[in-house]
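Read through the structure below, which is laid out as structure tokens, and then see the notes.
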Amino acid sequence: MNTHPMLKYLKEEGAAGPRLPHIMCPGCGIGQVLNYALYAVDALIQEDGLRREDFVFISGVGCSSRPASHYLQFDSGWTLHGRALAVATGAVLANPDLKIIVFTGDGDTAAIGGNHFIHACRRNLDLTILCMNNGLYGMTGGQVAPTTPIGRVTTTTPYGNVEEEFDLCRLAQTAGAAYVARWSTAHPRQVIRTIKKGVRKKGTAFVEIMSPCPVHLKQSPSVMFRDLKTNTVPLKKADTPEAAGLIPIGEFCDIDKPDWISRYQGIIDGLGGDDGAYE
Amino acid sequence: MSGNRTDQLIQPGVHYLQGAQACAEGAITAGCRVYAGYPITPATEIMEHAAHRMPQVGGRFIQMEDEIGSVCALLGASWAGVKAMTATSSPGFSLMQEAISFAIMTETPLVIVDVQRPGPGQGYISTGQEDVMQARWGHHGEGSIIALSPASVQDMYDFTIQAFNLSERWRTPVLLMAEETTAHMRERLVVPPPAEIQIVGRTRPQDLGIAPEDYLPYGHAEVPPMPAFGEGYAVNHVSLVHHEDGNVTRYNPEVHFENVSRIHHKIEGHVDEIARLDARWLEDCRHVLICYGAVSRTGVEAVLEAREQRDIPLGFIRLKTLWPFPEDLLRALVPEVDTIFVPEMNLGMMKHPITAALRDRCRRVVSIPSLGSLHSPELILGRIYEELL
Amino acid sequence: MGSVGMTARMSSPTLHVNVDYCKGCLICVEACPKGAIAASASINAKGYTLPEESDMTRCNGCRLCELVCPDFAIAVETDEERGAPLTYEIRDGHQG
């Protein structure tokens, strides 16, 4: 082909003019995650017989949420900062057959959205959450985030960050998510496989994807891409001395347990034939 | 949804219910099948009734982790094509304002019940009408909203159905501004036969023969048709200023003005179709009492007594719709009068748009405040007699 | 990994770069395992350095460049599938 194969899933033009290139900066990992998500969806359509209209993308606010603004040839909702998971919860309850993929960022998920994050994981709603972690607030200019390493200088930690960072995957796992994994944008095949697995999984799939922000971290995109291969370590080797300072990647857990809808459906089914008493 | 068990709806006939229960039943009758809520006094009973009833009618209920999560869940449910509601009280209502603003911009139908209690802060857990301005102006930004004011258990049922109908017809969030009084009182409720209850659903592009490739998410009509998720329309819901086709780039001031003023005029330009009020004894009145919500119950008693016991030619108006404010309708109804009395369970809020509408028709507007408790007829009459006799 | 492009070719694949979409991040150049592409000396209208074919006889059609491109700005056209729609196959099961 002489055009990118995933363009078939994007709105290149609208009545009001072109929409691409998208708003992400040169070399931004978010563009890559969008690409990987579309490859995963493409594979699911071909392999599982799903249709384009079965998918819904829901995002919050921030750079990571921008892919679901107005670029997708899919149903989508570009919602409020931190609230993508609450909105997605309502969509699940209304139509559990939808395959909902959530685009969110580290600030969107773990700061303002922290409460909705832990409850969505706890509830085991059938969602696939793609959390693009660049360790800062990109859209607003590079402020510190709950995932910023200690000591880092940002626009709001000009003397160095005095706080420790969240481990989002451990948080998701502790909160009860059924499938938790972390990769990076330098691991495209793993990301794509994990997204497919997450969508196929009935329950909360939380996928953290380490995603470079070349602009605010002031590094070249190709260097950051290359570095992600060397500063990550597979989970099974993460406890060795050589792994100190490296980011553990892999699947943290993969549990089979009933999702929220199937549990609630048990209640609905059990009430069949009731005379509708309301007192 | 998994089912729609019409045999599980509240049956036609006479019932004796709490206002909170009547509200939840009205929602179910209107087709609400997703309820997301959070406990808060004095609104919790609405949620508990919904928790009990939703699975009976094939709907789904969830208690969310906070009020913000609750209102946000309604957005997702509505986009997925299902009518959704939440109920809260004043502090929770404050938390929901960002999402309300978002619902206005994305033109998302949903219903929020605010069972008002006094403020500010925790205030008290009794009754009040202190959120009536917040209803109109609490959300950030421009854009209008519809707010109804029920005064009885019957209203809690009827107005909730109307709230859903209005939200679907005008593609807007609708507020039911109840008070603790109305939510907690128990009264007679008459449920009409299903054929007599009008239920309105949103217009979808399929209904207008618009194919997905021709679909403009914010176009085609003053109230744009709205598909649900999963119907193949690839609808992108956005709350940034947008073109008719949903594009959020190519920003310019003209597109901005067009986008936001359409949303504003969508409601404000149709006050005559949306707003309702009750008016009595206006033909030869010299003074008028204007009230809304639970205060209408004692307000009408006070007006009756003043007319019958003291021969005061006092007219009565009860606002059933607070917003959009029915300014033209009031001006058409209210003659030249001396005094307009406005009893409110606040220090004077709706008195402002009332004054703006009727200042040139009267000598003065007199507020009759009460905080934390419903006016007794004596409280209202005392002030009327003080001013007029 | 995928099974695209394993048969003998009549000619080298062609690289297509969308000059309007490319933002010159050059991750494709970094990702190419064969050194078939490189940064060019030209820039597009926005001032971004575009990638270009360096030695496409080295290209084995792995399409990693397409996979890692953040902007949908690059495509590889192989002999076998000139004019045919692409299917990129990633098999499940084995996690890296």
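Ordering of the structure tokens sets the chain letters (A, B, ...); residue numbers start at 1 within each chain; ligands are numbered from 1 in the order shown.
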message: Need the shell around Tyr292 in chain B: protein/DNA/RNA residues with any atom at most 7 Å away, counting only C-alpha atoms. Skip same-chain ones fewer than 2 positions apart. Format as a list of chain:residue names?
response: B:Ser149, B:Ala294, B:Val295, B:Ser296, B:Arg318, B:Leu319, B:Lys320
Grab the residues selected above and save them as a PDB file, in the first residue's frame with N, CA and C atoms.
```pdb
ATOM      1  N   SER B 149     -39.843  22.675  39.017  1.00  0.00           N
ATOM      2  CA  SER B 149     -40.047  22.834  40.454  1.00  0.00           C
ATOM      3  C   SER B 149     -41.314  22.113  40.910  1.00  0.00           C
ATOM      4  N   ALA B 294     -42.394  23.600  47.130  1.00  0.00           N
ATOM      5  CA  ALA B 294     -43.214  23.289  48.306  1.00  0.00           C
ATOM      6  C   ALA B 294     -43.886  24.528  48.877  1.00  0.00           C
ATOM      7  N   VAL B 295     -43.282  25.685  48.697  1.00  0.00           N
ATOM      8  CA  VAL B 295     -43.869  26.918  49.236  1.00  0.00           C
ATOM      9  C   VAL B 295     -45.221  27.197  48.584  1.00  0.00           C
ATOM     10  N   SER B 296     -45.436  26.651  47.394  1.00  0.00           N
ATOM     11  CA  SER B 296     -46.742  26.829  46.741  1.00  0.00           C
ATOM     12  C   SER B 296     -47.870  26.257  47.583  1.00  0.00           C
ATOM     13  N   ARG B 318     -47.869  30.197  40.479  1.00  0.00           N
ATOM     14  CA  ARG B 318     -46.916  29.184  40.900  1.00  0.00           C
ATOM     15  C   ARG B 318     -46.046  28.836  39.691  1.00  0.00           C
ATOM     16  N   LEU B 319     -44.754  29.055  39.819  1.00  0.00           N
ATOM     17  CA  LEU B 319     -43.836  28.696  38.733  1.00  0.00           C
ATOM     18  C   LEU B 319     -43.595  27.194  38.781  1.00  0.00           C
ATOM     19  N   LYS B 320     -43.910  26.495  37.680  1.00  0.00           N
ATOM     20  CA  LYS B 320     -43.589  25.069  37.614  1.00  0.00           C
ATOM     21  C   LYS B 320     -42.226  24.872  36.940  1.00  0.00           C
TER      22      LYS B 320
END
```
message: I need the residues of range 119-228 of chain A that end up classed as strand (DSSP E or B) by DSSP on the backbone, written out as a ChimeraX atom specification.
response: /A:127-133,137,143,154,157,179-184,204-210
Include C-alpha atoms and write out the residues we just selected as an mmCIF file, in the first residue's frame.
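Okay, again_7.cif is ready:
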```
data_model
loop_
_atom_site.group_PDB
_atom_site.id
_atom_site.type_symbol
_atom_site.label_atom_id
_atom_site.label_comp_id
_atom_site.auth_asym_id
_atom_site.auth_seq_id
_atom_site.Cartn_x
_atom_site.Cartn_y
_atom_site.Cartn_z
ATOM 1 C CA LEU A 127 -13.210 -2.185 30.037
ATOM 2 C CA THR A 128 -9.781 -2.001 28.439
ATOM 3 C CA ILE A 129 -7.901 0.912 29.944
ATOM 4 C CA LEU A 130 -4.867 2.218 28.055
ATOM 5 C CA CYS A 131 -2.947 4.512 30.379
ATOM 6 C CA MET A 132 -0.245 6.398 28.546
ATOM 7 C CA ASN A 133 2.306 7.276 31.167
ATOM 8 C CA TYR A 137 1.192 16.770 32.570
ATOM 9 C CA GLN A 143 3.989 19.929 35.400
ATOM 10 C CA THR A 154 9.375 20.117 36.247
ATOM 11 C CA THR A 157 8.955 21.251 40.927
ATOM 12 C CA TYR A 179 -5.706 -8.178 33.922
ATOM 13 C CA VAL A 180 -2.818 -5.790 34.459
ATOM 14 C CA ALA A 181 0.166 -5.240 32.195
ATOM 15 C CA ARG A 182 2.833 -2.666 31.537
ATOM 16 C CA TRP A 183 4.745 -2.153 28.309
ATOM 17 C CA SER A 184 6.229 0.808 26.527
ATOM 18 C CA THR A 204 -11.104 -4.718 33.840
ATOM 19 C CA ALA A 205 -7.929 -4.777 31.790
ATOM 20 C CA PHE A 206 -5.451 -2.097 32.803
ATOM 21 C CA VAL A 207 -2.571 -1.547 30.408
ATOM 22 C CA GLU A 208 0.059 0.996 31.337
ATOM 23 C CA ILE A 209 2.195 2.079 28.406
ATOM 24 C CA MET A 210 5.328 4.065 29.146
#
```
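Shortest separation to Val153 in chain B among B:Leu347, B:Val238, B:Cys72, B:Leu17 occurs at residue B:Leu17, atoms counted being only C-alpha atoms.
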- request: For CA of Cys32 in chain B and CA of Lys83 in chain B, determine how far apart the two atoms are, in Å to one decimal place.
  value: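 About the pair CA of Cys32 in chain B and CA of Lys83 in chain B: they are 4.5 Å apart.
The spacing separating CA of Ile30 in chain A from CA of Lys8 in chain A amounts to 18.6 Å.
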- request: For Glu165 in chain A, work out the shell of residues within 7 Å, counting only C-alpha atoms and skipping chain neighbours fewer than 4 positions away, then give it as a PyMOL selection string.
  value: chain A and resi 146-150
task: Skip Asn252 in chain B itself and residues of its chain fewer than 2 positions away, then list as number ranges by chain all residues within 10 Å of it, counting only C-alpha atoms.
output: B: 241-243, 249-250, 254-257
message: as a PyMOL selection string, could you give me every residue of chain A near chain B (at most 8 Å apart, counting only C-alpha atoms)?
response: chain A and resi 14-17+19+52-56+68-70+72-80+83+86-95+98+115-116+119+264+267-268+271-272+274-276+278
Those residues with C-alpha atoms, as a PDB file, in the first residue's frame please?
```pdb
ATOM      1  CA  GLY A  14     -14.494  16.465   7.592  1.00  0.00           C
ATOM      2  CA  ALA A  15     -16.944  18.968   6.168  1.00  0.00           C
ATOM      3  CA  ALA A  16     -15.018  21.650   8.004  1.00  0.00           C
ATOM      4  CA  GLY A  17     -11.633  20.601   6.631  1.00  0.00           C
ATOM      5  CA  ARG A  19      -8.208  16.799  10.803  1.00  0.00           C
ATOM      6  CA  ARG A  52     -16.312  -1.404  13.753  1.00  0.00           C
ATOM      7  CA  GLU A  53     -19.512  -0.234  15.441  1.00  0.00           C
ATOM      8  CA  ASP A  54     -18.935  -2.604  18.354  1.00  0.00           C
ATOM      9  CA  PHE A  55     -16.034  -0.470  19.542  1.00  0.00           C
ATOM     10  CA  VAL A  56     -16.273   2.717  21.586  1.00  0.00           C
ATOM     11  CA  ALA A  68     -10.437  10.022  21.016  1.00  0.00           C
ATOM     12  CA  SER A  69     -11.364  13.635  20.343  1.00  0.00           C
ATOM     13  CA  HIS A  70     -12.400  13.850  16.724  1.00  0.00           C
ATOM     14  CA  LEU A  72     -11.642   8.221  14.977  1.00  0.00           C
ATOM     15  CA  GLN A  73     -14.015   6.520  12.592  1.00  0.00           C
ATOM     16  CA  PHE A  74     -15.518   4.918  15.644  1.00  0.00           C
ATOM     17  CA  ASP A  75     -17.994   6.021  18.280  1.00  0.00           C
ATOM     18  CA  SER A  76     -16.148   8.005  20.907  1.00  0.00           C
ATOM     19  CA  GLY A  77     -16.545  10.310  23.867  1.00  0.00           C
ATOM     20  CA  TRP A  78     -13.933  12.874  24.823  1.00  0.00           C
ATOM     21  CA  THR A  79     -15.007  13.569  28.371  1.00  0.00           C
ATOM     22  CA  LEU A  80     -13.864  15.373  31.526  1.00  0.00           C
ATOM     23  CA  ARG A  83     -13.720  11.059  34.576  1.00  0.00           C
ATOM     24  CA  ALA A  86     -16.975   7.023  35.321  1.00  0.00           C
ATOM     25  CA  VAL A  87     -18.432   7.804  31.907  1.00  0.00           C
ATOM     26  CA  ALA A  88     -17.345   4.385  30.646  1.00  0.00           C
ATOM     27  CA  THR A  89     -19.080   2.807  33.652  1.00  0.00           C
ATOM     28  CA  GLY A  90     -22.391   4.289  32.549  1.00  0.00           C
ATOM     29  CA  ALA A  91     -21.865   3.100  28.965  1.00  0.00           C
ATOM     30  CA  VAL A  92     -21.146  -0.447  30.189  1.00  0.00           C
ATOM     31  CA  LEU A  93     -24.336  -0.470  32.247  1.00  0.00           C
ATOM     32  CA  ALA A  94     -26.360   0.812  29.317  1.00  0.00           C
ATOM     33  CA  ASN A  95     -24.929  -1.565  26.712  1.00  0.00           C
ATOM     34  CA  LEU A  98     -19.927  -2.517  23.553  1.00  0.00           C
ATOM     35  CA  ASN A 115     -10.937   7.660  42.809  1.00  0.00           C
ATOM     36  CA  HIS A 116     -12.690   6.503  39.643  1.00  0.00           C
ATOM     37  CA  HIS A 119     -13.240   1.798  41.831  1.00  0.00           C
ATOM     38  CA  TYR A 264     -25.741  -7.922  38.285  1.00  0.00           C
ATOM     39  CA  ILE A 267     -29.939 -10.294  40.175  1.00  0.00           C
ATOM     40  CA  ILE A 268     -32.059  -9.322  37.174  1.00  0.00           C
ATOM     41  CA  LEU A 271     -36.259 -11.280  39.826  1.00  0.00           C
ATOM     42  CA  GLY A 272     -38.109 -12.662  36.835  1.00  0.00           C
ATOM     43  CA  ASP A 274     -41.965 -10.535  40.312  1.00  0.00           C
ATOM     44  CA  ASP A 275     -45.230  -8.604  40.695  1.00  0.00           C
ATOM     45  CA  GLY A 276     -43.251  -5.372  40.843  1.00  0.00           C
ATOM     46  CA  TYR A 278     -42.435  -1.241  45.275  1.00  0.00           C
TER      47      TYR A 278
END
```
Backbone DSSP call of alpha helix (DSSP H) for range 158-254 of chain A, listed as a ChimeraX atom specification: /A:168-175,188-200,214-217,221-230
message: Taking 6 positions as the minimum chain separation for residues in the same chain, which residues sit within 10 Å of Gly141 in chain A when counting only C-alpha atoms? Answer as number ranges by chain.
response: A: 154-156, 215-216
Contacts of Ile74 in chain C at 12 Å (only C-alpha atoms; same-chain gap of 4+ positions) as a ChimeraX atom specification: /A:1-7,35 /C:14-29,37,50-53,63-70
task: Have a look at CA of Asp272 in chain B and CA of Pro326 in chain B and let me know their distance in Å, one decimal.
output: 7.4 Å
query: Could you pull the residues within 9 Å of Gly176 in chain A, counting only C-alpha atoms, minus those fewer than 2 positions along the same chain, as a list in words?
result: Ile118, His119, Ala120, Cys121, Arg122, Arg123, Asn124, Leu171, Ala172, Gln173, Thr174, Ala178, Tyr179 and Thr204 of chain A
Please write the residues from the selection above to a file, keeping C-alpha atoms, as an mmCIF file, in the first residue's frame.
```cif
data_model
loop_
_atom_site.group_PDB
_atom_site.id
_atom_site.type_symbol
_atom_site.label_atom_id
_atom_site.label_comp_id
_atom_site.auth_asym_id
_atom_site.auth_seq_id
_atom_site.Cartn_x
_atom_site.Cartn_y
_atom_site.Cartn_z
ATOM 1 C CA ILE A 118 -9.502 2.385 41.844
ATOM 2 C CA HIS A 119 -13.240 1.798 41.831
ATOM 3 C CA ALA A 120 -13.334 0.825 38.164
ATOM 4 C CA CYS A 121 -10.626 -1.750 38.881
ATOM 5 C CA ARG A 122 -12.458 -2.953 41.967
ATOM 6 C CA ARG A 123 -15.732 -3.364 40.127
ATOM 7 C CA ASN A 124 -14.187 -5.451 37.351
ATOM 8 C CA LEU A 171 -2.287 0.098 42.234
ATOM 9 C CA ALA A 172 -4.582 -1.445 39.621
ATOM 10 C CA GLN A 173 -3.713 -4.932 40.764
ATOM 11 C CA THR A 174 -4.359 -4.115 44.416
ATOM 12 C CA ALA A 178 -8.411 -8.747 36.526
ATOM 13 C CA TYR A 179 -5.706 -8.178 33.922
ATOM 14 C CA THR A 204 -11.104 -4.718 33.840
#
```
- request: For chain C, work out the contacting residues on chain A at 10 Å, counting only C-alpha atoms, and write them as a PyMOL selection string.
  value: chain A and resi 1-7+10+20-36+39-40+42-43+46+183+185-194+196-197+214+220-226+234+249-251
